[in-house]
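This is final-v4.csv. It holds CSV, C-alpha atoms.
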chain,number,residue,atom,x,y,z
A,299,MET,CA,122.4,-20.5,166.7
A,300,MET,CA,122.7,-24.3,166.7
A,301,SER,CA,121.2,-26.2,169.6
A,302,ILE,CA,122.7,-29.1,171.4
A,303,ARG,CA,120.0,-31.3,170.0
A,304,GLU,CA,120.8,-30.2,166.5
A,305,MET,CA,124.5,-30.9,167.0
A,306,LYS,CA,123.7,-34.4,168.2
A,307,TYR,CA,121.3,-35.0,165.3
A,308,PHE,CA,123.9,-33.8,162.8
A,309,LEU,CA,126.8,-35.9,164.3
A,310,THR,CA,124.6,-39.0,164.3
A,311,LEU,CA,123.8,-38.5,160.6
A,312,ALA,CA,127.4,-37.7,159.8
A,313,GLU,CA,128.5,-40.9,161.6
A,314,GLU,CA,125.9,-43.2,160.0
A,315,GLY,CA,125.8,-41.6,156.5
A,316,ASN,CA,122.2,-42.8,156.2
A,317,ILE,CA,119.1,-40.8,157.2
A,318,THR,CA,117.0,-43.9,157.9
A,319,THR,CA,119.6,-45.5,160.2
A,320,ALA,CA,120.3,-42.2,162.0
A,321,ALA,CA,116.6,-41.7,162.6
A,322,LYS,CA,116.3,-45.1,164.2
A,323,ILE,CA,119.3,-44.5,166.4
A,324,LEU,CA,117.8,-41.1,167.5
A,325,HIS,CA,114.3,-42.6,168.0
A,326,ILE,CA,112.6,-40.1,165.7
A,327,ALA,CA,110.9,-40.4,162.3
A,328,GLN,CA,112.9,-39.8,159.2
A,329,PRO,CA,110.9,-36.8,157.9
A,330,PRO,CA,111.4,-34.7,161.1
A,331,LEU,CA,115.2,-35.5,161.0
A,332,SER,CA,115.4,-34.4,157.4
A,333,ARG,CA,113.6,-31.2,158.2
A,334,GLN,CA,115.9,-30.5,161.1
A,335,MET,CA,119.0,-30.9,158.9
A,336,LYS,CA,117.5,-28.7,156.2
A,337,GLN,CA,116.7,-26.1,158.7
A,338,LEU,CA,120.2,-26.3,160.1
A,339,GLU,CA,121.7,-25.7,156.6
A,340,ASP,CA,119.4,-22.7,156.1
A,341,ASN,CA,120.3,-21.2,159.5
A,342,LEU,CA,124.1,-21.6,158.8
A,343,GLY,CA,123.8,-20.5,155.2
A,344,ALA,CA,125.9,-23.5,154.1
A,345,LYS,CA,125.3,-26.9,152.5
A,346,LEU,CA,126.4,-29.6,154.9
A,347,PHE,CA,125.5,-32.8,153.0
A,348,GLU,CA,125.8,-34.2,149.5
A,349,ARG,CA,122.8,-36.5,149.3
A,350,GLY,CA,123.5,-39.6,147.3
A,351,HIS,CA,121.3,-42.6,146.5
A,352,ARG,CA,122.8,-44.9,149.3
A,353,LYS,CA,125.0,-42.7,151.5
A,354,ILE,CA,125.1,-39.1,152.6
A,355,GLN,CA,128.5,-37.5,152.3
A,356,LEU,CA,129.7,-34.4,154.2
A,357,THR,CA,130.6,-31.3,152.3
A,358,GLU,CA,133.7,-29.3,153.3
A,359,ALA,CA,131.5,-27.2,155.5
A,360,GLY,CA,130.0,-30.3,156.9
A,361,HIS,CA,133.4,-31.8,157.8
A,362,LEU,CA,134.3,-28.5,159.6
A,363,LEU,CA,131.0,-28.5,161.5
A,364,ARG,CA,131.5,-32.2,162.5
A,365,LYS,CA,134.9,-31.4,163.9
A,366,LYS,CA,133.7,-28.4,165.8
A,367,ALA,CA,130.5,-30.0,167.0
A,368,GLU,CA,132.5,-32.9,168.4
A,369,GLN,CA,134.8,-30.5,170.3
A,370,LEU,CA,131.9,-28.5,171.6
A,371,LEU,CA,130.0,-31.6,172.9
A,372,GLU,CA,133.2,-32.9,174.5
A,373,LEU,CA,133.8,-29.5,176.1
A,374,MET,CA,130.3,-29.4,177.4
A,375,ASP,CA,130.6,-32.9,178.8
A,376,THR,CA,133.9,-32.0,180.5
A,377,THR,CA,132.3,-28.8,181.9
A,378,VAL,CA,129.4,-30.6,183.4
A,379,LYS,CA,131.8,-33.1,184.9
A,380,GLU,CA,134.0,-30.4,186.4
A,381,ILE,CA,130.9,-28.5,187.8
A,382,ARG,CA,129.7,-31.7,189.4
A,383,GLU,CA,133.2,-32.4,190.8
A,384,ILE,CA,133.4,-28.9,192.2
A,385,GLU,CA,130.0,-29.3,193.8
A,386,ALA,CA,131.2,-32.6,195.3
A,387,GLY,CA,134.3,-30.7,196.6
A,388,THR,CA,136.8,-32.9,194.8
A,389,HIS,CA,138.1,-30.2,192.4
A,390,GLY,CA,138.7,-26.4,192.5
A,391,THR,CA,140.7,-24.0,194.6
A,392,LEU,CA,140.4,-23.5,198.3
A,393,SER,CA,141.4,-20.0,199.5
A,394,ILE,CA,142.7,-19.8,203.1
A,395,GLY,CA,144.2,-16.9,205.1
A,396,THR,CA,146.4,-17.5,208.1
A,397,ALA,CA,148.4,-15.6,210.7
A,398,SER,CA,152.0,-16.4,210.0
A,399,SER,CA,152.7,-18.2,213.3
A,400,SER,CA,149.8,-20.5,212.7
A,401,VAL,CA,151.3,-21.9,209.5
A,402,ALA,CA,154.1,-23.8,211.1
A,403,THR,CA,152.1,-26.5,212.9
A,404,ILE,CA,148.4,-26.2,212.5
A,405,LEU,CA,147.7,-25.8,208.8
A,406,PRO,CA,150.3,-28.2,207.2
A,407,ARG,CA,149.1,-31.2,209.0
A,408,VAL,CA,145.5,-30.7,208.0
A,409,ALA,CA,146.5,-29.7,204.4
A,410,ARG,CA,148.5,-32.9,204.0
A,411,ILE,CA,145.7,-35.2,205.0
A,412,PHE,CA,143.2,-33.1,203.0
A,413,ARG,CA,145.3,-33.3,199.8
A,414,ASN,CA,145.5,-37.1,200.2
A,415,GLN,CA,141.8,-37.3,200.3
A,416,TYR,CA,141.2,-34.7,197.5
A,417,PRO,CA,144.3,-34.8,195.2
A,418,SER,CA,142.8,-32.6,192.5
A,419,LEU,CA,142.0,-29.7,194.8
A,420,LYS,CA,144.4,-26.7,194.8
A,421,PHE,CA,145.2,-24.2,197.5
A,422,GLU,CA,145.5,-20.4,197.5
A,423,LEU,CA,147.2,-19.4,200.7
A,424,ARG,CA,147.4,-15.8,202.0
A,425,GLU,CA,149.4,-14.8,205.1
A,426,GLY,CA,149.2,-11.7,207.2
A,427,GLU,CA,148.3,-10.3,210.5
A,428,SER,CA,144.9,-11.4,212.0
A,429,SER,CA,143.4,-8.0,211.1
A,430,GLN,CA,144.5,-8.5,207.5
A,431,ILE,CA,143.0,-12.0,207.4
A,432,ILE,CA,139.7,-10.6,208.7
A,433,GLU,CA,139.7,-8.0,205.9
A,434,LEU,CA,140.3,-10.7,203.3
A,435,LEU,CA,137.5,-12.8,204.7
A,436,ASN,CA,135.1,-9.8,204.7
A,437,GLY,CA,136.0,-9.0,201.1
A,438,GLY,CA,135.4,-12.6,200.0
A,439,LEU,CA,139.0,-13.1,198.9
A,440,ILE,CA,139.3,-16.1,201.2
A,441,GLU,CA,136.8,-18.6,202.5
A,442,ILE,CA,138.6,-19.6,205.7
A,443,GLY,CA,140.8,-17.7,208.1
A,444,LEU,CA,143.1,-18.6,211.0
A,445,VAL,CA,143.3,-15.7,213.4
A,446,ARG,CA,144.8,-15.0,216.8
A,447,PHE,CA,142.5,-12.4,218.4
A,448,SER,CA,138.9,-11.9,219.4
A,449,PHE,CA,136.3,-11.6,216.7
A,450,ASP,CA,132.6,-10.9,216.5
A,451,ASP,CA,130.7,-14.2,216.9
A,452,ALA,CA,127.7,-12.6,215.3
A,453,LEU,CA,129.6,-12.2,212.0
A,454,TYR,CA,131.8,-15.3,212.0
A,455,GLU,CA,131.4,-19.0,212.7
A,456,SER,CA,134.5,-20.6,214.3
A,457,ILE,CA,136.4,-23.6,215.5
A,458,LYS,CA,138.1,-22.5,218.7
A,459,LEU,CA,141.6,-23.9,219.0
A,460,SER,CA,143.4,-24.9,222.2
A,461,ASN,CA,145.2,-22.1,224.1
A,462,GLU,CA,148.8,-21.9,223.2
A,463,PRO,CA,151.6,-20.8,225.6
A,464,LEU,CA,154.1,-18.2,224.7
A,465,VAL,CA,157.8,-19.2,224.8
A,466,ALA,CA,161.1,-17.4,225.2
A,467,ALA,CA,163.4,-18.0,222.3
A,468,LEU,CA,167.1,-17.2,222.9
A,469,ASN,CA,170.4,-18.1,221.5
A,470,LYS,CA,171.9,-21.2,223.1
A,471,ASN,CA,175.0,-19.2,223.9
A,472,ASN,CA,173.1,-16.4,225.5
A,473,PRO,CA,174.9,-15.4,228.7
A,474,ASN,CA,171.6,-15.2,230.6
A,475,SER,CA,171.1,-18.5,232.4
A,476,LEU,CA,167.4,-18.6,232.0
A,477,GLY,CA,165.7,-21.8,233.0
A,478,GLU,CA,169.1,-23.5,233.0
A,479,HIS,CA,168.8,-27.3,232.5
A,480,SER,CA,165.0,-26.9,232.0
A,481,ASP,CA,162.6,-26.5,229.1
A,482,SER,CA,160.7,-23.7,231.0
A,483,ILE,CA,161.5,-20.5,232.8
A,484,GLN,CA,159.7,-18.4,235.4
A,485,LEU,CA,158.1,-15.2,234.1
A,486,SER,CA,160.1,-13.3,236.8
A,487,GLU,CA,163.3,-14.4,235.2
A,488,LEU,CA,162.5,-12.1,232.2
A,489,ALA,CA,162.7,-9.0,234.5
A,490,GLY,CA,165.2,-6.6,233.0
A,491,LYS,CA,165.9,-8.8,230.0
A,492,PRO,CA,165.9,-7.4,226.5
A,493,LEU,CA,162.6,-8.8,225.1
A,494,MET,CA,161.5,-8.8,221.5
A,495,ILE,CA,157.8,-9.2,220.9
A,496,HIS,CA,155.0,-9.2,218.4
A,497,ARG,CA,153.2,-5.9,218.8
A,498,LYS,CA,149.8,-7.5,219.3
A,499,PHE,CA,151.0,-9.3,222.4
A,500,GLU,CA,152.4,-6.2,224.1
A,501,ALA,CA,149.4,-5.4,226.3
A,502,MET,CA,149.0,-9.1,227.4
A,503,ILE,CA,152.7,-9.5,228.2
A,504,THR,CA,152.9,-6.2,230.0
A,505,ASP,CA,149.9,-7.0,232.1
A,506,HIS,CA,151.3,-10.4,233.2
A,507,CYS,CA,154.7,-8.9,234.0
A,508,LEU,CA,153.2,-6.1,236.1
A,509,GLN,CA,151.3,-8.7,238.0
A,510,ALA,CA,154.6,-10.6,238.6
A,511,GLY,CA,156.0,-7.4,240.0
A,512,PHE,CA,158.1,-5.8,237.2
A,513,GLU,CA,157.8,-3.7,234.1
A,514,PRO,CA,159.1,-5.5,231.0
A,515,TYR,CA,161.9,-4.0,228.9
A,516,PHE,CA,160.9,-4.3,225.3
A,517,LEU,CA,164.0,-4.0,223.1
A,518,CYS,CA,162.0,-4.5,219.9
A,519,LYS,CA,158.4,-4.6,218.8
A,520,SER,CA,157.5,-6.1,215.5
A,521,ASP,CA,154.6,-6.8,213.2
A,522,ASP,CA,155.9,-10.3,212.4
A,523,VAL,CA,157.5,-13.0,214.5
A,524,MET,CA,160.1,-14.0,211.8
A,525,PRO,CA,162.4,-10.9,212.3
A,526,ILE,CA,162.5,-11.2,216.0
A,527,LEU,CA,163.3,-14.9,215.8
A,528,ALA,CA,166.1,-14.1,213.5
A,529,TRP,CA,167.3,-11.4,215.9
A,530,ALA,CA,167.1,-13.8,218.8
A,531,ASP,CA,169.1,-16.3,216.7
A,532,ALA,CA,171.7,-13.6,216.3
A,533,ASP,CA,171.7,-13.1,220.1
A,534,VAL,CA,170.3,-9.5,219.9
A,535,GLY,CA,167.7,-10.2,222.6
A,536,ILE,CA,165.1,-12.7,223.7
A,537,ALA,CA,162.1,-13.3,221.5
A,538,VAL,CA,158.7,-14.0,223.1
A,539,VAL,CA,156.6,-15.9,220.6
A,540,PRO,CA,153.7,-18.4,220.4
A,541,ARG,CA,154.9,-22.0,220.7
A,542,ALA,CA,153.7,-22.7,217.1
A,543,ALA,CA,156.5,-20.4,215.9
A,544,ILE,CA,159.2,-22.8,217.1
A,545,ASP,CA,159.5,-24.5,213.7
A,546,LEU,CA,159.4,-21.3,211.6
A,547,ILE,CA,163.2,-21.0,211.4
A,548,PRO,CA,164.7,-24.5,211.3
A,549,ASN,CA,168.4,-25.3,212.0
A,550,THR,CA,169.2,-22.4,214.2
A,551,ASN,CA,171.0,-21.8,217.5
A,552,LEU,CA,167.8,-21.0,219.2
A,553,VAL,CA,166.5,-22.8,222.3
A,554,PHE,CA,162.8,-22.4,223.4
A,555,LYS,CA,161.6,-22.3,227.0
A,556,THR,CA,157.9,-22.2,228.0
A,557,ILE,CA,157.1,-19.3,230.3
A,558,ILE,CA,155.5,-20.4,233.5
A,559,ASN,CA,154.3,-19.1,236.9
A,560,PRO,CA,152.3,-17.6,235.5
A,561,SER,CA,152.1,-18.9,231.9
A,562,ILE,CA,151.1,-16.5,229.2
A,563,GLU,CA,148.7,-18.0,226.6
A,564,THR,CA,147.3,-16.9,223.3
A,565,THR,CA,144.2,-18.1,221.7
A,566,ALA,CA,143.5,-18.9,218.0
A,567,ALA,CA,140.5,-19.9,215.9
A,568,VAL,CA,139.5,-21.0,212.5
A,569,ILE,CA,136.8,-18.6,211.3
A,570,TRP,CA,134.5,-18.2,208.3
A,571,MET,CA,131.6,-15.8,207.5
A,572,ARG,CA,128.1,-16.5,208.8
A,573,ASN,CA,125.3,-16.5,206.2
A,574,ARG,CA,127.7,-16.6,203.3
A,575,TYR,CA,128.0,-19.4,200.7
A,576,LEU,CA,130.8,-21.8,201.6
A,577,SER,CA,132.1,-24.1,198.9
A,578,THR,CA,131.9,-27.8,199.3
A,579,ALA,CA,135.7,-28.0,199.4
A,580,ALA,CA,135.7,-25.5,202.3
A,581,ARG,CA,133.1,-27.5,204.1
A,582,HIS,CA,135.2,-30.7,203.6
A,583,PHE,CA,138.3,-28.9,204.9
A,584,LEU,CA,136.4,-27.6,208.0
A,585,ASN,CA,135.0,-31.1,208.8
A,586,LEU,CA,138.5,-32.5,208.6
A,587,PHE,CA,140.0,-29.7,210.7
A,588,THR,CA,137.3,-30.3,213.3
A,589,THR,CA,138.1,-34.1,213.4
A,590,ILE,CA,141.9,-33.6,213.7
A,591,HIS,CA,141.5,-30.9,216.3
A,592,LYS,CA,139.2,-33.0,218.4
A,593,THR,CA,141.5,-36.0,218.1
A,594,SER,CA,144.5,-33.9,219.2
A,595,ILE,CA,142.5,-32.6,222.2
A,596,ASP,CA,141.5,-36.2,223.2
A,597,ASN,CA,145.1,-37.4,222.9
A,598,THR,CA,146.3,-34.6,225.1
A,599,ARG,CA,143.7,-35.5,227.7
A,600,LEU,CA,144.9,-39.1,227.6
A,601,GLU,CA,148.5,-38.0,228.1
A,602,TYR,CA,147.5,-36.0,231.2
A,603,SER,CA,145.3,-38.8,232.6
A,604,ASP,CA,148.3,-41.1,232.4
What does the file become when written as structure tokens?
Amino acid sequence: MMSIREMKYFLTLAEEGNITTAAKILHIAQPPLSRQMKQLEDNLGAKLFERGHRKIQLTEAGHLLRKKAEQLLELMDTTVKEIREIEAGTHGTLSIGTASSSVATILPRVARIFRNQYPSLKFELREGESSQIIELLNGGLIEIGLVRFSFDDALYESIKLSNEPLVAALNKNNPNSLGEHSDSIQLSELAGKPLMIHRKFEAMITDHCLQAGFEPYFLCKSDDVMPILAWADADVGIAVVPRAAIDLIPNTNLVFKTIINPSIETTAAVIWMRNRYLSTAARHFLNLFTTIHKTSIDNTRLEYSD
């Protein structure tokens, strides 16, 4: 096995072609350098130098070793640099899991700013239901998750996001005149209407409707908001979805109306495992997420104060 020191000694001697000059550059005495090179030849079982009166020439084996040693040292330097960049959070891959309806508005904004700050970082994005995101997080397949239901604070650290209202999505030609000439509708207006919902919101929507004095008619329950938005666009029924889902299907015939009196709100959070190593890139991302989220809240407060 050839050590890094031996490679550097060998390359210096190969470059200079003179044992005395090489020894001066390496700040060692000439005899130890000669012994090191003789030992290297013995260990490799090959003659590396043709020793002349004035200049040392490389043998065929010496030329091969010089080429490979230069490549190895360059690779080592590159590896050290990459490790330091990863530790600094400027390189590598950040794995994030997100509930599908969170992708449309929350994540892209942060990712765009984050990429501008760290252009060499890459993303691995996994989508699924909140329960699936939790499983991926527990299994170490992602570092950060965006979820839409309660979780165990003892297991996860989190950034709680602002409550998000549910909206009714319906085809603009729908014969039901819900919230006509308004961007909102009364919850009571949904009585008897064919509602299409994400399954995880069933209990919450049912509870609000019963308090409003009617039992909701669920035409369709789905494990994803995309199909029910597509069905609403085809005028099959009325989809009830989080407001963040508005931009999931662009250029449609859908109109969206916020449900009020009472409003129905869902909560979301960015979570990560407690007591588990978090990469520097993930820490940078969470710091940026916190800053953007706080700015958004402050701006909203300013709008209401006006």
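Compared by their closest atoms to Ile503 of chain A, and using all atoms listed in the file, the residues A:Gly360, A:Pro463, A:Gly395, A:Pro548 rank with A:Pro463 nearest.
Near segment 304-318 of chain A, within a cut-off of 6 Å and counting all atoms listed in the file, sit the residues Gln328, Lys353 and Ile354 of chain A, with same-chain residues fewer than 6 positions away left out.
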Restricted to C-alpha atoms, what would the selected residues look like written as a PDB file, in the coordinates of the input?
ATOM      1  CA  GLN A 328     112.900 -39.800 159.200  1.00  0.00           C
ATOM      2  CA  LYS A 353     125.000 -42.700 151.500  1.00  0.00           C
ATOM      3  CA  ILE A 354     125.100 -39.100 152.600  1.00  0.00           C
TER       4      ILE A 354
END
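Among the candidates A:Thr319, A:Gln337, A:Asn436, A:Thr588, the residue lying nearest to Ser456 of chain A is A:Thr588 (atoms considered: only C-alpha atoms).
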Record the distance separating atom CA of Leu546 of chain A and atom CA of Arg407 of chain A, expressed in Å with one decimal.
14.5 Å
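A straight line drawn from atom CA of Ser428 of chain A to atom CA of Val445 of chain A is 4.8 Å long.
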Atom CA of Glu372 of chain A to atom CA of Ala327 of chain A, distance in Å rounded to a single decimal:
26.5 Å
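Distances to Trp529 of chain A were evaluated for A:His582, A:Asn469, A:Asn414, A:His506 using only C-alpha atoms, and the minimum falls at A:Asn469.
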Which of these residues is nearest to Leu342 of chain A, using all atoms listed in the file: A:Leu362, A:Ile381, A:Met299, A:Ala542?
A:Met299
Using all atoms listed in the file, which protein or nucleic acid residues come within 8 Å of Gly535 of chain A? Drop anything in the same chain fewer than 6 positions from it, and give the result as a ChimeraX atom specification.
/A:468,491-494,517,529
Can you tell me, as JSON, numbers by chain, which residues sit within 12 Å of (154.0, -16.3, 232.8) in the file's frame, using all atoms listed in the file?
{"A": [463, 464, 465, 466, 482, 483, 484, 485, 486, 487, 488, 489, 502, 503, 504, 505, 506, 507, 508, 509, 510, 511, 538, 555, 556, 557, 558, 559, 560, 561, 562, 563, 564]}
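Of the listed residues A:Ile323, A:Thr388, A:Val534, A:Ala580, the one whose atoms come nearest to Gln415 of chain A is A:Thr388, with distances taken using all atoms listed in the file.
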Could you check which residues have any atom within 7 Å of (138.0, -14.8, 199.5), counting all atoms listed in the file with coordinates taken straight from the file, and then list them as a VMD selection string?
chain A and resid 393 434 to 435 437 to 441
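Residues lying within 8 Å of Ile457 of chain A, counting only C-alpha atoms and ignoring same-chain neighbours fewer than 5 positions away, are A:Ala567, A:Val568, A:Ile569, A:Thr588.
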Written file, previous selection with C-alpha atoms, as an mmCIF file, in the frame of the given file:
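Once everything was written out, this is part.cif:
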data_model
loop_
_atom_site.group_PDB
_atom_site.id
_atom_site.type_symbol
_atom_site.label_atom_id
_atom_site.label_comp_id
_atom_site.auth_asym_id
_atom_site.auth_seq_id
_atom_site.Cartn_x
_atom_site.Cartn_y
_atom_site.Cartn_z
ATOM 1 C CA ALA A 567 140.500 -19.900 215.900
ATOM 2 C CA VAL A 568 139.500 -21.000 212.500
ATOM 3 C CA ILE A 569 136.800 -18.600 211.300
ATOM 4 C CA THR A 588 137.300 -30.300 213.300
#
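By chain and then residue number, the residues within 10 Å of Met524 of chain A are Ser398, Ser399, His496, Trp529, Ala530, Ala537, Val539, Ala543, Leu546 and Ile547 of chain A, counting all atoms listed in the file and disregarding those fewer than 5 positions away in sequence.
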Output of the above residues as an mmCIF file, keeping the file's coordinate frame, restricted to C-alpha atoms:
data_model
loop_
_atom_site.group_PDB
_atom_site.id
_atom_site.type_symbol
_atom_site.label_atom_id
_atom_site.label_comp_id
_atom_site.auth_asym_id
_atom_site.auth_seq_id
_atom_site.Cartn_x
_atom_site.Cartn_y
_atom_site.Cartn_z
ATOM 1 C CA SER A 398 152.000 -16.400 210.000
ATOM 2 C CA SER A 399 152.700 -18.200 213.300
ATOM 3 C CA HIS A 496 155.000 -9.200 218.400
ATOM 4 C CA TRP A 529 167.300 -11.400 215.900
ATOM 5 C CA ALA A 530 167.100 -13.800 218.800
ATOM 6 C CA ALA A 537 162.100 -13.300 221.500
ATOM 7 C CA VAL A 539 156.600 -15.900 220.600
ATOM 8 C CA ALA A 543 156.500 -20.400 215.900
ATOM 9 C CA LEU A 546 159.400 -21.300 211.600
ATOM 10 C CA ILE A 547 163.200 -21.000 211.400
#
